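Raw contents of target.csv, CSV, C-alpha atoms:
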```
chain,number,residue,atom,x,y,z
A,17,MET,CA,-10.9,-59.4,69.3
A,18,PRO,CA,-12.3,-62.9,69.8
A,19,GLN,CA,-14.5,-64.2,67.0
A,20,THR,CA,-18.2,-64.4,67.5
A,21,ASP,CA,-20.2,-67.5,66.6
A,22,GLU,CA,-21.5,-65.6,63.6
A,23,ASN,CA,-18.0,-64.8,62.4
A,24,THR,CA,-16.9,-68.4,63.0
A,25,ALA,CA,-19.8,-69.7,61.0
A,26,LYS,CA,-19.0,-67.3,58.1
A,27,HIS,CA,-15.3,-68.3,58.2
A,28,GLY,CA,-16.2,-72.0,58.3
A,29,GLY,CA,-18.7,-71.6,55.5
A,30,ALA,CA,-16.1,-69.8,53.3
A,31,GLY,CA,-13.6,-72.5,54.0
A,32,HIS,CA,-16.0,-75.2,53.1
A,33,ARG,CA,-16.9,-73.5,49.8
A,34,ALA,CA,-13.2,-73.1,49.0
A,35,ARG,CA,-12.6,-76.8,49.6
A,36,LEU,CA,-15.5,-77.8,47.4
A,37,ARG,CA,-14.2,-75.4,44.7
A,38,LYS,CA,-10.7,-76.9,44.9
A,39,ARG,CA,-12.1,-80.5,44.7
A,40,LEU,CA,-14.3,-79.5,41.8
A,41,LEU,CA,-11.5,-78.0,39.8
A,42,GLU,CA,-8.8,-80.5,40.5
A,43,GLY,CA,-10.7,-83.8,41.1
A,44,GLY,CA,-12.4,-84.6,37.8
A,45,ALA,CA,-16.0,-85.7,37.0
A,46,GLU,CA,-16.5,-87.8,40.2
A,47,ALA,CA,-14.9,-85.4,42.6
A,48,LEU,CA,-18.2,-84.3,44.2
A,49,ALA,CA,-21.1,-86.4,45.4
A,50,ASP,CA,-24.5,-85.4,43.9
A,51,TYR,CA,-25.6,-83.4,46.9
A,52,GLU,CA,-22.2,-81.5,46.8
A,53,VAL,CA,-22.8,-80.6,43.2
A,54,LEU,CA,-26.1,-79.1,44.3
A,55,GLU,CA,-24.3,-77.4,47.2
A,56,TYR,CA,-22.0,-75.7,44.7
A,57,LEU,CA,-24.7,-74.7,42.3
A,58,LEU,CA,-26.6,-73.1,45.2
A,59,PHE,CA,-23.6,-71.0,46.2
A,60,ALA,CA,-24.5,-68.6,43.3
A,61,ALA,CA,-28.0,-68.0,44.8
A,62,ILE,CA,-27.3,-68.3,48.5
A,63,LYS,CA,-24.3,-66.0,49.1
A,64,GLN,CA,-23.7,-67.0,52.7
A,65,GLY,CA,-24.4,-69.9,55.0
A,66,ASP,CA,-24.5,-73.6,54.7
A,67,THR,CA,-26.2,-74.9,51.5
A,68,LYS,CA,-25.6,-78.6,52.5
A,69,PRO,CA,-29.0,-79.0,54.3
A,70,VAL,CA,-30.8,-77.5,51.3
A,71,ALA,CA,-28.9,-79.7,48.9
A,72,LYS,CA,-29.7,-82.9,50.9
A,73,ALA,CA,-33.3,-81.9,51.2
A,74,LEU,CA,-33.6,-81.5,47.4
A,75,ILE,CA,-32.0,-85.0,46.9
A,76,GLU,CA,-34.4,-86.5,49.4
A,77,ARG,CA,-37.4,-84.8,47.8
A,78,PHE,CA,-36.6,-85.6,44.2
A,79,GLY,CA,-34.6,-88.7,44.5
A,80,SER,CA,-31.5,-87.8,42.5
A,81,LEU,CA,-29.5,-85.0,41.0
A,82,SER,CA,-31.2,-85.4,37.7
A,83,GLY,CA,-34.6,-85.4,39.4
A,84,VAL,CA,-33.8,-82.1,41.1
A,85,LEU,CA,-32.6,-80.5,37.8
A,86,ASN,CA,-35.7,-81.7,36.0
A,87,ALA,CA,-38.2,-80.7,38.7
A,88,GLU,CA,-40.7,-77.9,38.1
A,89,PRO,CA,-39.7,-74.5,39.6
A,90,GLY,CA,-42.8,-74.5,41.8
A,91,ALA,CA,-41.9,-77.9,43.2
A,92,LEU,CA,-38.3,-76.7,43.9
A,93,THR,CA,-39.5,-73.7,45.8
A,94,ASP,CA,-41.7,-75.9,48.0
A,95,VAL,CA,-38.4,-77.2,49.5
A,96,LYS,CA,-37.4,-75.1,52.6
A,97,GLY,CA,-34.5,-72.8,51.8
A,98,VAL,CA,-35.1,-72.7,48.0
A,99,GLY,CA,-36.3,-69.4,46.7
A,100,GLU,CA,-36.9,-68.2,43.1
A,101,THR,CA,-33.3,-67.3,42.7
A,102,SER,CA,-32.1,-70.8,43.7
A,103,ALA,CA,-34.7,-72.5,41.5
A,104,ALA,CA,-33.6,-70.3,38.5
A,105,ALA,CA,-30.0,-71.3,39.1
A,106,LEU,CA,-30.9,-75.0,39.1
A,107,LYS,CA,-33.1,-74.7,36.0
A,108,SER,CA,-30.4,-72.8,34.1
A,109,VAL,CA,-28.0,-75.8,34.6
A,110,ALA,CA,-30.7,-78.1,33.3
A,111,LEU,CA,-31.2,-75.9,30.3
A,112,ALA,CA,-27.5,-75.8,29.6
A,113,ALA,CA,-27.3,-79.6,29.9
A,114,ARG,CA,-30.1,-80.0,27.3
A,115,ARG,CA,-28.5,-77.6,24.9
A,116,MET,CA,-25.1,-79.2,25.1
A,117,ALA,CA,-26.6,-82.7,24.6
A,118,ARG,CA,-28.7,-81.4,21.6
A,119,SER,CA,-25.7,-79.8,20.0
A,120,GLU,CA,-23.9,-83.1,20.1
A,121,VAL,CA,-26.9,-84.7,18.2
A,122,SER,CA,-27.4,-81.9,15.7
A,123,GLN,CA,-23.8,-81.6,14.6
A,124,LYS,CA,-23.1,-85.2,13.6
A,125,PRO,CA,-24.8,-88.0,11.7
A,126,ILE,CA,-27.1,-89.6,14.3
A,127,LEU,CA,-26.4,-93.2,13.5
A,128,GLY,CA,-22.7,-92.6,14.1
A,129,SER,CA,-23.3,-90.9,17.4
A,130,TRP,CA,-26.1,-93.1,18.8
A,131,GLN,CA,-25.0,-92.7,22.5
A,132,ALA,CA,-25.1,-89.0,22.2
A,133,LEU,CA,-28.7,-89.3,20.9
A,134,LEU,CA,-29.6,-91.5,23.9
A,135,ASP,CA,-28.0,-89.1,26.3
A,136,TYR,CA,-30.0,-86.2,24.8
A,137,LEU,CA,-33.3,-88.1,24.9
A,138,THR,CA,-32.7,-89.2,28.5
A,139,ILE,CA,-31.9,-85.7,29.7
A,140,ASP,CA,-34.9,-84.3,27.8
A,141,MET,CA,-37.5,-87.0,28.4
A,142,ALA,CA,-36.8,-89.4,31.2
A,143,HIS,CA,-38.3,-87.4,34.0
A,144,LEU,CA,-41.5,-86.2,32.1
A,145,THR,CA,-44.7,-86.9,34.0
A,146,VAL,CA,-46.7,-87.2,30.7
A,147,GLU,CA,-46.2,-89.5,27.8
A,148,ARG,CA,-44.7,-87.5,24.9
A,149,VAL,CA,-44.3,-88.6,21.3
A,150,ARG,CA,-41.6,-87.2,19.0
A,151,VAL,CA,-40.4,-87.9,15.5
A,152,LEU,CA,-36.8,-87.2,14.6
A,153,TYR,CA,-36.6,-86.7,10.8
A,154,LEU,CA,-33.2,-87.3,9.1
A,155,ASN,CA,-31.7,-86.3,5.8
A,156,ALA,CA,-29.8,-88.6,3.4
A,157,GLN,CA,-26.6,-88.1,5.5
A,158,ASN,CA,-28.6,-89.1,8.6
A,159,ARG,CA,-28.3,-85.7,10.1
A,160,LEU,CA,-31.2,-84.3,12.1
A,161,ILE,CA,-33.4,-81.9,10.1
A,162,LEU,CA,-36.4,-81.7,12.4
A,163,ASP,CA,-37.2,-82.8,15.9
A,164,HIS,CA,-41.0,-82.8,15.8
A,165,HIS,CA,-43.1,-82.9,18.9
A,166,VAL,CA,-46.2,-84.9,17.7
A,167,GLY,CA,-48.1,-84.6,21.0
A,168,ASP,CA,-48.7,-85.8,24.5
A,169,GLY,CA,-50.6,-89.0,25.3
A,170,SER,CA,-50.5,-92.7,24.6
A,171,ILE,CA,-48.8,-93.7,21.4
A,172,ASP,CA,-51.6,-95.2,19.3
A,173,GLU,CA,-53.4,-94.3,16.1
A,174,ALA,CA,-55.6,-91.9,17.9
A,175,ALA,CA,-52.6,-89.8,18.8
A,176,ILE,CA,-50.1,-90.5,15.9
A,177,HIS,CA,-51.2,-91.2,12.4
A,178,PRO,CA,-48.8,-93.2,10.2
A,179,ARG,CA,-49.7,-91.3,7.0
A,180,GLU,CA,-49.3,-87.9,8.7
A,181,VAL,CA,-45.9,-89.0,10.0
A,182,ILE,CA,-44.7,-90.0,6.6
A,183,ARG,CA,-46.3,-87.0,4.8
A,184,ARG,CA,-44.4,-84.6,7.1
A,185,GLY,CA,-41.2,-86.4,6.2
A,186,LEU,CA,-41.9,-86.0,2.5
A,187,ASP,CA,-42.7,-82.3,3.0
A,188,ILE,CA,-39.3,-81.6,4.5
A,189,GLY,CA,-37.3,-83.9,2.3
A,190,ALA,CA,-36.5,-86.5,5.0
A,191,THR,CA,-35.2,-89.9,4.0
A,192,ALA,CA,-35.4,-91.6,7.4
A,193,LEU,CA,-36.9,-91.1,10.8
A,194,ILE,CA,-36.6,-92.2,14.4
A,195,LEU,CA,-39.7,-92.5,16.6
A,196,VAL,CA,-39.3,-91.6,20.3
A,197,HIS,CA,-41.5,-91.6,23.3
A,198,ASN,CA,-41.3,-91.9,27.0
A,199,HIS,CA,-42.9,-94.0,29.7
A,200,PRO,CA,-43.6,-91.9,32.8
A,201,SER,CA,-43.8,-95.2,34.8
A,202,GLY,CA,-40.1,-95.4,34.4
A,203,ASN,CA,-40.2,-98.9,32.7
A,204,PRO,CA,-39.1,-98.5,29.0
A,205,GLU,CA,-40.4,-101.9,27.8
A,206,PRO,CA,-42.6,-101.6,24.7
A,207,SER,CA,-46.3,-102.2,24.9
A,208,ARG,CA,-48.3,-104.1,22.2
A,209,ALA,CA,-49.5,-100.7,21.0
A,210,ASP,CA,-46.0,-99.4,20.7
A,211,ILE,CA,-45.0,-102.3,18.5
A,212,GLN,CA,-48.1,-102.1,16.4
A,213,ILE,CA,-47.9,-98.4,15.6
A,214,THR,CA,-44.2,-98.7,14.9
A,215,ASN,CA,-44.7,-101.4,12.3
A,216,LYS,CA,-47.6,-99.5,10.6
A,217,ILE,CA,-45.4,-96.4,10.3
A,218,ALA,CA,-42.5,-98.5,9.0
A,219,GLU,CA,-44.8,-100.1,6.4
A,220,ALA,CA,-46.1,-96.7,5.3
A,221,GLY,CA,-42.5,-95.5,5.0
A,222,ARG,CA,-41.3,-98.4,2.9
A,223,LEU,CA,-43.9,-97.5,0.2
A,224,LEU,CA,-42.5,-93.9,0.0
A,225,ASP,CA,-38.8,-94.6,0.6
A,226,ILE,CA,-38.6,-93.2,4.1
A,227,THR,CA,-36.8,-95.6,6.5
A,228,VAL,CA,-37.8,-96.0,10.1
A,229,HIS,CA,-34.4,-96.6,11.7
A,230,ASP,CA,-35.7,-97.2,15.2
A,231,HIS,CA,-38.3,-96.5,17.9
A,232,VAL,CA,-36.6,-95.5,21.2
A,233,ILE,CA,-38.6,-95.7,24.4
A,234,VAL,CA,-37.1,-93.6,27.3
A,235,GLY,CA,-37.8,-94.1,31.0
A,236,ARG,CA,-36.2,-93.3,34.3
A,237,ASP,CA,-35.0,-96.9,34.4
A,238,GLY,CA,-33.2,-96.8,31.1
A,239,HIS,CA,-34.2,-97.0,27.4
A,240,THR,CA,-35.4,-99.6,24.9
A,241,SER,CA,-34.6,-99.8,21.2
A,242,LEU,CA,-37.3,-101.7,19.2
A,243,ARG,CA,-34.6,-102.2,16.5
A,244,ALA,CA,-32.3,-103.9,18.9
A,245,LYS,CA,-35.1,-106.1,20.1
A,246,GLY,CA,-35.8,-107.2,16.6
A,247,LEU,CA,-39.3,-105.7,16.7
A,248,ILE,CA,-38.9,-103.6,13.5
```

Written as structure tokens, how would this file's structure read?
Amino acid sequence: MPQTDENTAKHGGAGHRARLRKRLLEGGAEALADYEVLEYLLFAAIKQGDTKPVAKALIERFGSLSGVLNAEPGALTDVKGVGETSAAALKSVALAARRMARSEVSQKPILGSWQALLDYLTIDMAHLTVERVRVLYLNAQNRLILDHHVGDGSIDEAAIHPREVIRRGLDIGATALILVHNHPSGNPEPSRADIQITNKIAEAGRLLDITVHDHVIVGRDGHTSLRAKGLI
């Protein structure tokens, strides 16, 4: 019996999926392009048919693979071909990536695994559309004991109070901290307010033996360390 167009499409689709699977399993980290990674992720939600157009539409809409994975579910389902099941599949990958990155940070002294910390912060904050302030409190072994979400908004004394930051550290027995916030503009360069509040917190910490190791600013265009810039 000759194959119909539908059967040919199904057979071709199955062959394409098998080829992608083989490349993924045998080719290493760079075996697939970003849109092909999305294609493969969408296989779980879209059982038959070509997922390439949907994957490419997602990349076009959100700019990158990380942009897709960090997009809000409602924004994902606005893209033609993406339903709730597909959006949930993509969000589950983003959640797994965050948890993997966080485990790398929480299981080791932070100052000895600085790149792991930067990776975690980038995954967690680089694509936020609001400015978020966090304080990472560390114990005497420089292990993370609390990742405290201070609040959302500009980092100044109206939003973050130096005495409160240090008092929280004393309450939980912290000996050091790292300030973190993001710039939704994408540019991680520090503002005058960023530098001023950092120095006020560092000064308050010195009086009570809590060291401010750094202030890390995260953006889509990279990150900035105020310590590395000599601003602390």

Non-local contacts of region 216-227 of chain A (7 Å; all atoms listed in the file; under 6 positions in same chain excluded) as a list of chain:residue names: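 Once the nearby chain positions are removed, what remains is A:Pro178, A:Arg179, A:Ile182, A:Thr191, A:Ala192, A:Leu193.
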
Give me the residues within 7 Å of Val151 (chain A) as a list in words, counting all atoms listed in the file and dropping any in the same chain fewer than 5 places off.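 Near Val151 (chain A), the qualifying residues are Asp163, His164, His165, Val166, Leu193, Ile194, Leu195 and Val196 of chain A.
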
Could you jot down the CA of Glu76 (chain A) to CA of Ala142 (chain A) separation for me, Å, one decimal place?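 We find that CA of Glu76 (chain A) and CA of Ala142 (chain A) lie 18.6 Å from each other.
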
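From CA of Ala61 (chain A) back to CA of Thr101 (chain A), the distance works out to 5.7 Å.
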
Could you jot down the CA of Lys245 (chain A) to CA of Arg115 (chain A) separation for me, Å, one decimal place?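 Separation between CA of Lys245 (chain A) and CA of Arg115 (chain A): 29.6 Å.
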
Please provide the set of residues having any atom within 12 Å of Arg33 (chain A), restricted to all atoms listed in the file, with same-chain residues fewer than 5 positions apart removed, written as a ChimeraX atom specification. /A:26-28,38-40,52-53,55-60,62-68

Please identify all polymer residues within 10 Å of Lys124 (chain A), counting all atoms listed in the file, omitting same-chain residues fewer than 5 positions from it, and present them as a ChimeraX atom specification. /A:119,129-130,132,157-160

Export of the given selection (C-alpha atoms) as a short mmCIF file (atom, residue, chain, number, x, y, z; two decimals), in the frame of the given file:
```
data_model
loop_
_atom_site.label_atom_id
_atom_site.label_comp_id
_atom_site.auth_asym_id
_atom_site.auth_seq_id
_atom_site.Cartn_x
_atom_site.Cartn_y
_atom_site.Cartn_z
CA SER A 119 -25.70 -79.80 20.00
CA SER A 129 -23.30 -90.90 17.40
CA TRP A 130 -26.10 -93.10 18.80
CA ALA A 132 -25.10 -89.00 22.20
CA GLN A 157 -26.60 -88.10 5.50
CA ASN A 158 -28.60 -89.10 8.60
CA ARG A 159 -28.30 -85.70 10.10
CA LEU A 160 -31.20 -84.30 12.10
#
```

Hey, which of A:Gly185, A:Gly90, A:Gly79, A:Pro200 ends up closest to Val149 (chain A)? Count only C-alpha atoms.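 Once distances to Val149 (chain A) are computed over only C-alpha atoms, the minimum belongs to A:Pro200.
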